[in-house]
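File shown: my_file.txt. Contents: compact mmCIF, C-alpha atoms.
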```txt
# COMPACT_ATOMS: atom_id res chain seq x y z
CA MET A 192 100.20 32.11 9.80
CA LYS A 193 99.69 30.95 6.22
CA PHE A 194 97.07 28.25 5.63
CA GLY A 195 96.85 26.09 2.52
CA ILE A 196 93.67 24.42 1.22
CA ILE A 197 95.05 21.28 -0.39
CA ARG A 198 93.66 19.41 -3.37
CA GLU A 199 92.03 16.08 -2.43
CA ARG A 200 93.97 13.30 -4.13
CA LYS A 201 92.56 10.12 -2.61
CA ASN A 202 90.59 7.76 -4.83
CA PRO A 203 87.60 7.63 -5.13
CA PRO A 204 87.55 11.44 -5.45
CA ASP A 205 86.13 13.50 -2.58
CA ARG A 206 84.69 16.90 -3.47
CA ARG A 207 84.49 18.21 0.11
CA VAL A 208 86.80 20.88 1.52
CA VAL A 209 87.63 22.08 5.04
CA LEU A 210 87.02 25.78 4.29
CA SER A 211 84.55 27.18 1.77
CA PRO A 212 85.33 30.56 0.18
CA GLU A 213 83.05 32.19 2.78
CA ALA A 214 84.83 30.38 5.61
CA CYS A 215 88.21 31.50 4.26
CA ALA A 216 86.94 35.07 4.28
CA ALA A 217 85.76 34.65 7.87
CA VAL A 218 89.28 33.54 8.87
CA THR A 219 91.11 36.44 7.25
CA ASN A 220 88.54 39.02 8.33
CA THR A 221 88.85 37.94 11.95
CA HIS A 222 92.59 37.27 12.05
CA SER A 223 94.60 39.90 10.18
CA GLU A 224 97.76 37.79 10.53
CA ALA A 225 96.19 34.90 8.59
CA SER A 226 96.53 34.34 4.87
CA ILE A 227 95.24 31.49 2.72
CA ILE A 228 96.41 29.92 -0.52
CA VAL A 229 94.11 27.48 -2.33
CA GLU A 230 95.62 24.66 -4.36
CA PRO A 231 93.85 24.33 -7.73
CA SER A 232 91.39 21.45 -7.98
CA PRO A 233 89.19 20.24 -10.84
CA ILE A 234 86.84 18.34 -8.53
CA ARG A 235 86.35 20.51 -5.43
CA THR A 236 82.69 21.40 -4.79
CA PHE A 237 83.69 25.08 -4.74
CA SER A 238 85.43 26.11 -7.95
CA ASP A 239 88.78 27.87 -8.13
CA SER A 240 86.98 30.94 -9.45
CA GLU A 241 84.76 31.07 -6.35
CA TYR A 242 87.87 31.39 -4.17
CA ARG A 243 89.41 33.98 -6.51
CA SER A 244 86.20 36.01 -6.35
CA LYS A 245 86.76 36.32 -2.59
CA GLY A 246 90.31 37.58 -3.17
CA PHE A 247 92.23 34.39 -2.43
CA THR A 248 95.26 33.19 -4.35
CA VAL A 249 94.70 29.92 -6.19
CA ALA A 250 98.09 28.42 -6.94
CA SER A 251 100.18 25.27 -6.60
CA GLU A 252 102.21 26.83 -3.81
CA MET A 253 101.50 24.64 -0.80
CA GLU A 254 105.21 24.63 0.07
CA LYS A 255 104.80 28.32 1.06
CA CYS A 256 102.16 27.44 3.67
CA ASP A 257 102.61 26.62 7.35
CA VAL A 258 99.38 24.66 7.90
CA LEU A 259 97.80 22.45 5.23
CA LEU A 260 94.09 21.63 5.47
CA GLY A 261 92.52 18.58 3.81
CA VAL A 262 89.66 16.16 4.33
CA LYS A 263 90.76 12.64 3.38
CA GLU A 264 94.15 10.94 3.75
CA VAL A 265 96.95 12.53 1.73
CA PRO A 266 98.75 10.01 -0.50
CA ILE A 267 102.28 9.39 0.77
CA ALA A 268 103.89 10.72 -2.43
CA ALA A 269 102.04 14.03 -2.04
CA LEU A 270 103.05 14.70 1.59
CA LEU A 271 105.26 17.77 2.03
CA PRO A 272 107.92 17.38 4.76
CA ASN A 273 108.09 19.59 7.84
CA LYS A 274 104.53 20.89 7.55
CA LYS A 275 101.51 20.93 9.83
CA TYR A 276 98.64 18.90 8.31
CA PHE A 277 94.98 18.51 9.21
CA PHE A 278 93.04 15.59 7.70
CA PHE A 279 91.21 12.39 8.64
CA SER A 280 94.15 9.98 8.85
CA HIS A 281 92.13 6.90 9.86
CA THR A 282 94.99 5.65 12.00
CA ILE A 283 93.82 6.18 15.60
CA LYS A 284 92.20 2.71 15.66
CA LYS A 285 95.34 1.13 14.17
CA GLN A 286 93.73 0.67 10.77
CA PRO A 287 96.19 -1.61 8.95
CA TYR A 288 95.66 0.00 5.55
CA ASN A 289 97.08 3.33 6.79
CA ARG A 290 100.07 2.09 8.78
CA ASP A 291 102.50 3.13 6.04
CA LEU A 292 100.89 6.57 5.89
CA LEU A 293 101.55 7.23 9.59
CA ARG A 294 105.11 5.91 9.21
CA ALA A 295 105.67 8.33 6.33
CA ILE A 296 104.26 11.20 8.38
CA LEU A 297 106.80 10.47 11.10
CA ASP A 298 109.65 10.03 8.61
CA LYS A 299 108.83 13.37 6.96
CA ASN A 300 108.68 15.21 10.31
CA ILE A 301 105.06 16.19 9.72
CA GLU A 302 102.95 17.54 12.57
CA LEU A 303 99.64 15.72 12.10
CA TYR A 304 96.34 16.92 13.54
CA ASP A 305 93.48 14.51 12.96
CA HIS A 306 89.97 15.98 12.56
CA GLU A 307 88.53 12.98 14.37
CA VAL A 308 90.24 13.94 17.63
CA ILE A 309 89.54 17.66 17.62
CA THR A 310 87.61 17.70 20.89
CA ASN A 311 86.67 19.83 23.86
CA THR A 312 87.87 19.08 27.39
CA ASN A 313 85.07 16.52 27.81
CA GLY A 314 86.15 14.57 24.74
CA ILE A 315 83.22 15.76 22.60
CA ARG A 316 84.11 16.18 18.94
CA LEU A 317 84.00 19.76 17.70
CA VAL A 318 84.22 19.29 13.93
CA ALA A 319 82.52 16.46 12.06
CA PHE A 320 80.50 15.51 9.01
CA GLY A 321 78.12 13.26 10.99
CA ARG A 322 75.05 15.47 10.62
CA TYR A 323 75.30 15.25 6.84
CA ALA A 324 75.84 11.49 6.95
CA GLY A 325 72.51 11.27 8.79
CA ILE A 326 70.75 13.57 6.35
CA VAL A 327 71.93 11.73 3.24
CA GLY A 328 71.58 8.31 4.89
CA ALA A 329 67.92 8.88 5.71
CA TYR A 330 67.24 10.10 2.17
CA ASN A 331 69.04 7.09 0.70
CA GLY A 332 67.04 4.82 2.97
CA PHE A 333 63.76 6.12 1.57
CA ARG A 334 65.16 5.72 -1.93
CA ALA A 335 65.98 2.08 -1.10
CA TYR A 336 62.47 1.57 0.28
CA GLY A 337 60.87 2.86 -2.92
CA LEU A 338 63.08 0.74 -5.15
CA LYS A 339 62.60 -2.42 -3.09
CA HIS A 340 58.82 -2.19 -3.17
CA GLY A 341 58.55 -0.64 -6.63
CA THR A 342 56.45 2.23 -5.27
CA PHE A 343 58.59 5.26 -6.16
CA ALA A 344 62.00 6.14 -7.62
CA LEU A 345 63.84 9.01 -5.97
CA PRO A 346 66.82 10.56 -7.80
CA LYS A 347 70.23 9.78 -6.35
CA ALA A 348 71.29 12.25 -3.68
CA GLU A 349 74.52 13.05 -5.49
CA THR A 350 72.51 14.47 -8.43
CA LEU A 351 70.77 17.04 -6.21
CA PRO A 352 72.37 20.35 -5.20
CA ASP A 353 71.66 20.56 -1.48
CA GLN A 354 69.64 19.42 1.53
CA ASN A 355 66.63 21.50 0.52
CA ALA A 356 66.48 19.67 -2.80
CA LEU A 357 66.53 16.31 -0.99
CA ILE A 358 63.67 17.42 1.21
CA ALA A 359 61.69 18.70 -1.77
CA GLU A 360 61.90 15.27 -3.43
CA LEU A 361 60.89 13.46 -0.24
CA ARG A 362 57.90 15.71 0.34
CA LYS A 363 56.46 14.56 -3.00
CA LEU A 364 56.11 11.01 -1.68
CA THR A 365 52.96 9.36 -0.41
CA LEU A 366 54.14 6.70 2.03
CA PRO A 367 52.14 3.76 3.31
CA ASN A 368 51.51 3.44 7.05
CA ILE A 369 55.00 2.19 7.83
CA LYS A 370 56.90 2.31 11.10
CA ILE A 371 60.43 3.71 11.02
CA ILE A 372 62.88 3.12 13.87
CA LEU A 373 65.91 5.41 14.23
CA THR A 374 68.77 4.64 16.62
CA GLY A 375 71.04 7.37 17.93
CA ARG A 376 70.65 10.91 19.21
CA GLY A 377 74.06 12.27 18.27
CA ARG A 378 75.03 14.19 15.14
CA VAL A 379 74.17 11.29 12.83
CA GLY A 380 70.87 10.36 14.44
CA ASN A 381 69.73 13.95 14.71
CA GLY A 382 70.75 14.59 11.10
CA ALA A 383 68.47 11.74 10.05
CA ARG A 384 65.70 13.14 12.25
CA GLU A 385 65.96 16.48 10.41
CA ILE A 386 64.87 14.64 7.27
CA LEU A 387 62.02 12.79 8.99
CA ASP A 388 60.74 16.00 10.55
CA ALA A 389 61.05 17.89 7.27
CA MET A 390 58.76 15.25 5.75
CA ASP A 391 56.22 16.00 8.49
CA LEU A 392 56.32 12.40 9.68
CA LYS A 393 54.65 11.84 13.04
CA ARG A 394 57.10 11.13 15.88
CA VAL A 395 55.82 8.77 18.58
CA ASN A 396 57.21 7.57 21.89
CA VAL A 397 58.50 4.07 22.57
CA GLY A 398 55.35 2.79 24.24
CA ASP A 399 53.00 3.91 21.48
CA TYR A 400 55.39 2.73 18.77
CA LEU A 401 55.58 -0.78 20.21
CA GLU A 402 51.93 -1.18 21.14
CA HIS A 403 49.83 0.64 18.55
CA GLU A 404 49.12 0.70 14.84
CA PHE A 405 48.71 4.02 13.05
CA ASP A 406 46.83 5.33 10.04
CA GLN A 407 49.91 7.23 8.84
CA PRO A 408 53.68 6.62 8.66
CA VAL A 409 55.40 7.22 12.00
CA TYR A 410 58.90 7.13 13.44
CA CYS A 411 60.49 6.60 16.83
CA GLN A 412 64.00 7.77 17.75
CA ILE A 413 65.71 5.73 20.44
CA ASP A 414 69.04 5.86 22.22
CA ALA A 415 71.31 3.30 23.88
CA SER A 416 69.30 3.08 27.11
CA GLU A 417 66.18 2.17 25.10
CA TYR A 418 67.67 -0.57 22.92
CA ASN A 419 69.86 -2.13 25.64
CA LYS A 420 69.18 -3.28 29.20
CA ARG A 421 71.38 -4.48 32.02
CA LYS A 422 71.86 -8.22 32.33
CA ASP A 423 71.28 -8.06 36.10
CA GLY A 424 67.88 -6.41 35.70
CA VAL A 425 68.95 -3.20 37.45
CA ARG A 426 67.64 -0.09 35.74
CA GLY A 427 70.43 1.30 33.57
CA ASN A 428 71.06 4.60 31.84
CA LYS A 429 73.06 5.91 28.93
CA ALA A 430 76.09 6.95 31.01
CA ASP A 431 76.27 3.56 32.69
CA PHE A 432 75.93 1.79 29.35
CA PHE A 433 78.88 3.63 27.83
CA ALA A 434 80.96 3.04 30.97
CA ASN A 435 80.05 -0.67 31.30
CA PRO A 436 78.82 -1.97 27.92
CA GLN A 437 79.71 -5.54 28.85
CA GLU A 438 77.01 -5.48 31.54
CA TYR A 439 74.26 -4.99 28.95
CA ARG A 440 72.38 -7.06 26.42
CA SER A 441 70.36 -5.88 23.45
CA ASN A 442 66.70 -5.03 23.89
CA PHE A 443 66.30 -4.01 20.25
CA TYR A 444 64.42 -7.03 18.95
CA ARG A 445 61.11 -5.68 20.30
CA PHE A 446 61.52 -2.88 17.73
CA ALA A 447 62.56 -5.29 14.95
CA ARG A 448 59.23 -7.12 15.36
CA VAL A 449 57.15 -4.04 14.52
CA SER A 450 59.39 -1.91 12.25
CA ASP A 451 59.37 -1.80 8.47
CA PHE A 452 62.36 0.48 7.98
CA TYR A 453 65.41 0.93 10.21
CA ILE A 454 67.84 3.88 10.15
CA ALA A 455 71.01 3.08 12.10
CA GLY A 456 72.55 6.31 13.32
CA HIS A 457 74.01 5.18 16.64
CA PHE A 458 77.61 5.07 17.85
CA TYR A 459 78.85 1.54 18.43
CA GLY A 460 81.59 1.09 21.03
CA GLN A 461 83.92 -1.80 21.70
CA GLY A 462 82.28 -4.38 23.97
CA ALA A 463 78.71 -3.22 23.36
CA PRO A 464 76.11 -5.85 22.45
CA TYR A 465 74.91 -6.24 18.87
CA LEU A 466 71.51 -4.68 18.21
CA PHE A 467 70.34 -7.76 16.32
CA THR A 468 72.18 -10.86 15.19
CA ARG A 469 72.00 -13.04 12.10
CA GLU A 470 69.95 -15.52 14.12
CA ASP A 471 67.51 -12.75 15.02
CA ALA A 472 67.09 -11.88 11.34
CA LYS A 473 66.08 -15.49 10.60
CA LYS A 474 63.08 -15.37 12.93
CA ASP A 475 59.58 -15.41 11.46
CA ASP A 476 58.54 -12.23 13.27
CA PHE A 477 61.59 -10.19 12.20
CA LYS A 478 59.82 -7.49 10.21
CA ILE A 479 62.50 -5.01 9.06
CA GLY A 480 62.68 -4.98 5.27
CA VAL A 481 64.92 -1.95 4.67
CA VAL A 482 68.03 -0.91 6.60
CA ALA A 483 69.80 2.41 6.10
CA ASP A 484 72.98 1.73 8.06
CA VAL A 485 74.60 5.13 8.37
CA SER A 486 76.94 3.91 11.12
CA CYS A 487 78.13 1.11 8.81
CA ASP A 488 80.03 -1.25 11.13
CA ILE A 489 80.74 -4.30 8.99
CA ASP A 490 79.76 -7.70 10.45
CA GLY A 491 78.86 -5.84 13.60
CA PRO A 492 75.84 -4.67 15.59
CA VAL A 493 73.48 -4.58 12.57
CA ALA A 494 73.76 -8.12 11.28
CA THR A 495 72.42 -7.38 7.80
CA THR A 496 75.37 -5.08 7.06
CA ILE A 497 77.89 -7.52 5.61
CA ARG A 498 79.86 -5.01 3.52
CA PRO A 499 79.93 -1.29 2.78
CA SER A 500 78.15 -0.17 -0.37
CA THR A 501 79.16 2.66 -2.67
CA ILE A 502 77.66 5.89 -3.93
CA ALA A 503 77.65 4.36 -7.41
CA ASP A 504 75.89 1.16 -6.23
CA PRO A 505 74.36 1.99 -2.83
CA ILE A 506 71.91 -0.87 -2.20
CA TYR A 507 72.36 -4.61 -1.83
CA GLY A 508 70.18 -7.38 -0.49
CA TYR A 509 70.78 -9.62 2.53
CA ASP A 510 69.15 -13.05 2.61
CA PRO A 511 68.66 -13.87 6.31
CA GLN A 512 68.29 -17.61 5.72
CA THR A 513 71.53 -18.08 3.79
CA GLU A 514 73.33 -15.12 5.44
CA THR A 515 74.51 -14.08 1.99
CA GLU A 516 74.02 -11.25 -0.46
CA ALA A 517 70.98 -11.46 -2.74
CA ASP A 518 68.77 -9.35 -4.99
CA PHE A 519 67.40 -6.66 -2.67
CA LYS A 520 64.07 -6.60 -4.51
CA ARG A 521 63.44 -10.30 -3.92
CA GLU A 522 60.82 -11.18 -1.32
CA GLY A 523 62.35 -12.23 1.96
CA THR A 524 65.56 -10.25 1.52
CA VAL A 525 66.46 -7.12 3.46
CA ALA A 526 67.44 -4.11 1.36
CA VAL A 527 70.63 -2.64 2.85
CA MET A 528 71.99 0.84 2.19
CA ALA A 529 75.44 0.99 3.79
CA VAL A 530 77.38 3.72 1.97
CA ASP A 531 80.34 4.59 4.19
CA ASN A 532 81.08 8.08 2.79
CA LEU A 533 77.59 9.58 2.71
CA PRO A 534 78.56 13.26 3.23
CA CYS A 535 80.34 13.11 -0.14
CA GLU A 536 76.87 13.07 -1.73
CA LEU A 537 76.12 16.48 -0.26
CA PRO A 538 79.58 18.05 -0.57
CA ARG A 539 78.62 21.70 -0.63
CA ASP A 540 76.37 21.67 2.44
CA ALA A 541 78.73 19.33 4.29
CA SER A 542 81.73 21.57 3.57
CA VAL A 543 79.90 24.69 4.74
CA GLY A 544 78.87 23.06 8.02
CA PHE A 545 82.30 21.58 8.67
CA GLY A 546 84.04 24.86 7.87
CA GLU A 547 81.83 26.87 10.20
CA ALA A 548 82.80 24.58 13.08
CA PHE A 549 86.49 24.65 12.09
CA VAL A 550 86.53 28.46 12.00
CA LYS A 551 84.75 28.65 15.35
CA HIS A 552 86.77 26.08 17.29
CA VAL A 553 90.12 25.42 15.62
CA ILE A 554 91.39 28.57 13.90
CA PRO A 555 91.30 30.67 17.12
CA ALA A 556 93.59 28.15 18.81
CA PHE A 557 96.42 29.28 16.55
CA TYR A 558 96.07 32.84 17.85
CA ASN A 559 95.16 32.43 21.53
CA GLY A 560 98.04 30.19 22.58
CA ASP A 561 95.77 27.13 22.32
CA LYS A 562 94.32 28.14 25.67
CA ASP A 563 91.68 25.38 25.54
CA GLY A 564 94.10 22.63 24.46
CA ILE A 565 92.30 21.92 21.21
CA LEU A 566 95.47 21.68 19.13
CA GLU A 567 97.33 19.77 21.82
CA ARG A 568 94.63 17.07 22.02
CA ALA A 569 94.46 16.69 18.24
CA ARG A 570 98.24 16.68 17.63
CA MET A 571 99.24 13.09 16.89
CA THR A 572 102.85 13.61 15.80
CA GLN A 573 105.55 16.18 16.50
CA ASN A 574 109.29 16.32 15.83
CA GLY A 575 109.19 12.98 14.07
CA LYS A 576 107.59 11.17 17.02
CA LEU A 577 104.15 10.24 18.29
CA THR A 578 102.89 12.62 20.95
CA GLU A 579 102.25 11.26 24.44
CA ARG A 580 98.49 11.02 23.92
CA TYR A 581 99.02 8.78 20.87
CA ALA A 582 102.00 6.80 22.14
CA TYR A 583 99.75 3.71 22.12
CA LEU A 584 100.33 3.61 18.34
CA LYS A 585 104.05 2.80 18.75
CA ASP A 586 103.57 -0.89 18.11
CA TYR A 587 101.30 -0.04 15.16
CA VAL A 588 104.02 1.95 13.37
CA GLY A 589 106.74 -0.39 14.56
CA SER A 590 108.79 2.13 16.49
```
How does the structure come out when it is put into structure tokens?
Amino acid sequence: MKFGIIRERKNPPDRRVVLSPEACAAVTNTHSEASIIVEPSPIRTFSDSEYRSKGFTVASEMEKCDVLLGVKEVPIAALLPNKKYFFFSHTIKKQPYNRDLLRAILDKNIELYDHEVITNTNGIRLVAFGRYAGIVGAYNGFRAYGLKHGTFALPKAETLPDQNALIAELRKLTLPNIKIILTGRGRVGNGAREILDAMDLKRVNVGDYLEHEFDQPVYCQIDASEYNKRKDGVRGNKADFFANPQEYRSNFYRFARVSDFYIAGHFYGQGAPYLFTREDAKKDDFKIGVVADVSCDIDGPVATTIRPSTIADPIYGYDPQTETEADFKREGTVAVMAVDNLPCELPRDASVGFGEAFVKHVIPAFYNGDKDGILERARMTQNGKLTERYAYLKDYVGS
């Protein structure tokens, strides 16, 4: 089996890669039948010379490969027919902007495997960048806090080499006695918590967070069962919430009344209640002044997130009274950090973590007959048609 590491061609440029040089070496050391060719790239976080130093061919020879590995969508003009591709296609939710891409994949008889649906038998994702989104999102949130209040000015995450450098900058800060609320206990939420813990911030439980004041900055991490409750008053739980989101209403506002800074790292599912609405944000006792929305659902569960922001310009202000964008430093506005491609700011660490998971879970499937069904579940197209699992996209592609 010959794997190709393709050059990322989507704009804006993405410096991440599926397999680092070390991950490539792990593949070929473990599977003697495997070989890897790396397409030259001027932007990849690992240089061409780093791959060559590990003994890998760097050449524009992707047509010689069986399986092509990328991160972002491949532009239609760059797709090679009759190949197996792995990348985030952003089509499984029928995203209109990628309809033509999926049509082209079918027309070119490409076998597409989407990273987003590489799962175990329980539907849990096996490869993802979510941890790094949480890490960078939390850092960016503190940067937004400092800029809004004029108390400190952290360097942009993209100018720092790795997670340790982010932590080193954060540990220099002297924070006021603020309360930080963090939603989510998955990859994103726990990635954000890594940053909070590395800063030695005190973690407190829900009861203490809501009822007490502290003489130091503190944070509280909550999950779906703590920021939602059943409409009928019956005690709910996380499993019930995800199975019956329509039976719940938000119980988040009690946190909004006492929190200064909110990090949104939760997963938001169809039919779930909004955490707080635009009407909530208008209330006199709504206290949140900074939102780091890592989840970044536009006009969704976090009402202050009205658009995604960019790495180049990561912070905007939301005026709750007019429901419009405003200067984030102005009194009464909420500073919003809603960058939707946060792992790109930590490309080296993110690529290493992603590659380790890919080598552990995906590569073996090519050599063990896919005994755990990992490839089968992730395979969206085959022989010019949608596979059975993704047949629901037929109306999307118009076939």
Could you name the residues that touch A:Val525 at 8 Å or less, counting all atoms listed in the file, but leaving out those on the same chain fewer than 5 positions away, as a short mmCIF file (atom, residue, chain, number, x, y, z; two decimals) with C-alpha atoms, keeping the file's coordinate frame?
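Contents of selection.cif, freshly written:
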```
data_model
loop_
_atom_site.label_atom_id
_atom_site.label_comp_id
_atom_site.auth_asym_id
_atom_site.auth_seq_id
_atom_site.Cartn_x
_atom_site.Cartn_y
_atom_site.Cartn_z
CA ILE A 479 62.50 -5.01 9.06
CA GLY A 480 62.68 -4.98 5.27
CA VAL A 481 64.92 -1.95 4.67
CA VAL A 482 68.03 -0.91 6.60
CA THR A 495 72.42 -7.38 7.80
CA GLY A 508 70.18 -7.38 -0.49
CA TYR A 509 70.78 -9.62 2.53
CA ASP A 510 69.15 -13.05 2.61
CA PRO A 511 68.66 -13.87 6.31
CA PHE A 519 67.40 -6.66 -2.67
#
```
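Computed from the coordinates, the atom CA of A:Asp476 to atom CA of A:Leu364 distance equals 27.7 Å.
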Which residues are close to A:Lys285, i.e. within 8 Å by all atoms listed in the file, leaving aside same-chain residues fewer than 3 positions away? Reply as a ChimeraX atom specification. /A:281-282,289-290,584,587
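Between A:Ile372 and the candidates A:Arg384, A:Lys585, A:Lys422, A:Lys275, the tightest atom-to-atom separation, counting all atoms listed in the file, involves A:Arg384.
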Kindly provide, as a PyMOL selection string, the polymer residues lying within 12 Å of (87.1, 34.3, 7.8), counting all atoms listed in the file and using the coordinates exactly as they appear in the file. chain A and resi 194+210-227+245-247+546-551+554-555
A:Ala434, A:Ile497, A:Leu373, A:Leu270 ranked by distance to A:Ala447, top pick (using all atoms listed in the file): A:Leu373
Have a look at A:Lys255, A:Arg207, A:Lys576, A:Arg568 and name the one nearest to A:Ile234; count all atoms listed in the file.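 The closest residue to A:Ile234 is A:Arg207.
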